[in-house]
Amino acid sequence: MCDLLQLTRFQFTSLLSFNIDYIVDWALTWFTLKLEPSHDAFFTFEHASRHRTFKFKLFLDELPTLEKLKRARLDLYLDELTCRSCIDRMEDLMHLFMCKKCHLHMQQILQSYQNHLISKIQEAGKLADIDPTPFITKLTSLSCWSFSSTNWSSYALVRGCLPKLFVDLLVHPKKFCVEGYRCCSQQFYSKIQKTNLESTFL
């Protein structure tokens, strides 16, 4: 993991040092990245495989955005080309979530991720007969729940770089569990895949 963090594609994490409520836990991040998505009659092994591939490409910033294609194939892609959706901006990974044509939808997906996490925490609290409100309050107070060009914590969350606060959410059986996070994460990335990102990058 230390070697990965030396790569340019992870330089954004240095900007998180100014955000004390979102400190990336790399051990947790790697653990959750390796979680295998569950599959059944509706979410087949093929779907699970595509889901895993997409998740790792997103984490490693390996999705073939237009800016990456320009560098890889100078003979095919003119430097002047811009995002095919908005025609206004260069298409890098950040722009995929900030593009004015899909920003609202991406924000809705992010909000649904938060809502799903909250519902799972509430279920766990009910089963354990504890009040989940304090943890939910901490969860919703994180700065990562709104996309903006200066909010690197939301970018980190989408990339799969999880905050230390999530440690309690995953390792404390009375609050949550790994299966609960697996379910939330699977729905989150599946919704992203169902946007125009899927047809473009998979």
# chains A, B, ... in the order shown; residues from 1 in each chain; ligands from 1

call {"tool": "select_by_dssp", "arguments": {"residues": "stretch 54-128 of chain A", "states": "helix (DSSP H, G or I)", "output": "number ranges by chain"}}
result
A: 54-59, 66-72, 93-98, 103-128

call {"tool": "residues_around", "arguments": {"residues": "A:Met90", "least_positions_apart": "2", "cutoff": "12 Å", "atoms": "only C-alpha atoms", "output": "JSON, numbers by chain"}}
result
{"A": [65, 66, 67, 68, 69, 70, 78, 79, 80, 81, 82, 83, 84, 85, 86, 87, 88, 92, 93, 94, 95, 96, 98, 99]}

call {"tool": "closest_residue", "arguments": {"among": "A:Ser17, A:Thr137, A:Thr29, A:Gln186", "to": "A:Arg159", "atoms": "only C-alpha atoms"}}
result
A:Thr29

call {"tool": "closest_residue", "arguments": {"among": "A:Thr8, A:Asn19, A:Gln114, A:Gln108", "to": "A:Lys191", "atoms": "only C-alpha atoms"}}
result
A:Gln108
